[in-house]
Every structure is written in C-alpha cells, then in structure tokens.
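Peer 1: The following block contains the structure, expressed as structure tokens.
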Amino acid sequence: MGPAATSLALLCLCSLGVPAGTAGAAPTQESLPEVKKTRGDVPDILPEPEPEPTNPVSDFENSYNYILSRLAGMDQAIHKLSVGHYTLDVKVTQLMDRLTRMDAKVGELEDSIREVYQHSKDNRKEIGRLEGCQKGHRVGYKCYLVYNSYEDYAGASRKCLERGGRMAMPRDRKEQEALADYVKSFFRPGNWPVWLGINDLRSEGAYLFDDSTQVSYFQWRKHFLSSQPDGGRRENCVAMSSDDGDWWDHYCDRTMNYVCEFDDRVAL
C-alpha cells in the first residue's frame, strides 16, 4: 500500500472514532453495542408513525353512508310501527264488534228483566187483591182488609198500591158504617186508629181521597171537648178510630195500622 492509501485509511478510521492502533484488529463483542449506539442505528424509543393526512372526500362519503344507514333503520322501524298499528286497528275493530253484540244482548236481557219485574208486580197485585177479598170484608164491589203493621201515611199508601189496592176510601154512609163495624171487630176490645185514604195536603181544609177525588161524606168526631178536625195546618191526614168509627186528623208522619180496599171483581 502506498503512502497516499495509508493516509486515506487513517482519515476514515479517525472519522469513525476508531483509534489508529486498532485499525487492523477485529472488533470484539463488548465493542459492538458501543459502535451501534454511537452510530445511532437502533434507537432506544421508536418514533410514533405520523398520521396519514385526512381526505375530505372520504369523510363526506363516510358521513353520507352513515346517514343512509340510519335512514334505512328508521324506515324499517316505521314499517314495523305501521304493521303494528294496522294489527291493533284490526283488533280494536273486532273488539268494538264484540262490544256492540254484547250491548245488544245486554239490552235484550234488560228488557227481559223489566218484563219479568212487571209480571212480578202484576202477580203481587193480583195476589194482594185475592188475599184482600178472601181474608177481608166485602162491601158491595169493594173488599176491605186491615193490616196490623205500623206505617206512616205515605208508607201505608205505597203498601196498598203494591198489593194491587188503595187506601180505604169510604164514599158514603153505607161504606162508612160497614168499614167501621169491620175495623171495630178486628181490634176488639182495644181502640186503635187506622189510616184512611183521606188528606188535605194540597190545600188546608179541602179534603181529598188518596186518588185525588173530592170527599163529599165526612164522619168527623163531634164532642164538646175535642171536635175534629182540630190540627189546622199541622195535622193533614185522616185516621178512623176503631171503637166508634169516627175520623180524626193526625200528623202524616205518625205510624199506625192502615186499611186497604180492593176491587171485588166477582161482584163486578
């Protein structure tokens, strides 16, 4: 090797950090890491890769595809809702039809119940009339029957109507005397008043029968100590005394026995 080549080799070794005396020697294992570290071939921490630049066109396409997918999902949901609404509408229509049929059946049942109830009322009235004429006292075309139970005037009137009759209304002396004898024999030997179907509730002093016809015959008690009627506007309903058949005016809410009268259809 000439002098020029030797000088060039020394310069290269110096630039690599190798001592001049070791230029011809082979590197050991201990010296290899130092050479690599000195050269910077394998760094301790690898650098993070730089992010690739974003393409505006690809972002728009991604957003467009996302919106399309969401719209497709909404369309499927709306379709399911429509199917469900149609199914519900069909069921509601069927339910309404059933309710209509049921309402018609309920109406028919109510009509049947009213008819049965009316028949029952008619039967009670007929039974009451038959009982009144079988157990009571016949006078001409009437039958009188005393009920030994306590009612006020309105309650007695209602009970007589429910039995197919009305409260006793003696319209002349013959009926009055026959009714008085019957009541007296029923309560003998006691003296118990019984309601008659006579009152002046509408107008003071204007006495009417319970069927709103005017009273033309009276059997008021006449006595120098207690002439009747003496109750004025306070006592507006009439009762018969069982011992002598005289009439007395009383408070209408007083409870006492009462007499019903029935039509005797056999006599008619």
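In the structure tokens, chains take letters A, B, ... by order of appearance, with residues numbered from 1 within each chain and ligands from 1 in the order shown.
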Please provide the set of residues having any atom within 12 Å of Gln134 (chain A), restricted to only C-alpha atoms, with same-chain residues fewer than 5 positions apart removed, written as a list in words.

Peer 2: Ile127, Gly128, Arg129, Lys142, Cys143, Tyr144, Leu145, Phe262, Asp263, Asp264 and Val266 of chain A

Peer 1: DSSP on the backbone, strand (DSSP E or B) only: what residues of region 21-215 of chain A does that give? Format it as a list in words.

Peer 2: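 Strand (DSSP E or B) assignments inside region 21-215 of chain A correspond to His137, Arg138, Val139, Lys142, Cys143, Tyr144, Leu145, Val146, Tyr147, Asn148, Ser149, Tyr150, Glu151, Arg166, Met167, Val194, Trp195, Leu196, Gly197, Ile198, Asn199, Leu208, Phe209 and Gln214 of chain A.
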
Peer 1: Here is a test: counting only C-alpha atoms, which residue of A:Arg166, A:Arg70, A:His119, A:Lys91 is nearest to Gly132 (chain A)?

Peer 2: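 Using only C-alpha atoms, the shortest distance to Gly132 (chain A) belongs to A:Arg166.
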
Peer 1: Do a neighbour search on region 210-216 of chain A at 12 Å with only C-alpha atoms, toss out local chain neighbours closer than 2 positions, and write the hits as a VMD selection string.

Peer 2: chain A and resid 153 to 154 156 to 158 160 to 161 165 to 173 195 to 203 205 to 208 218 to 219 237 to 238 260 to 261
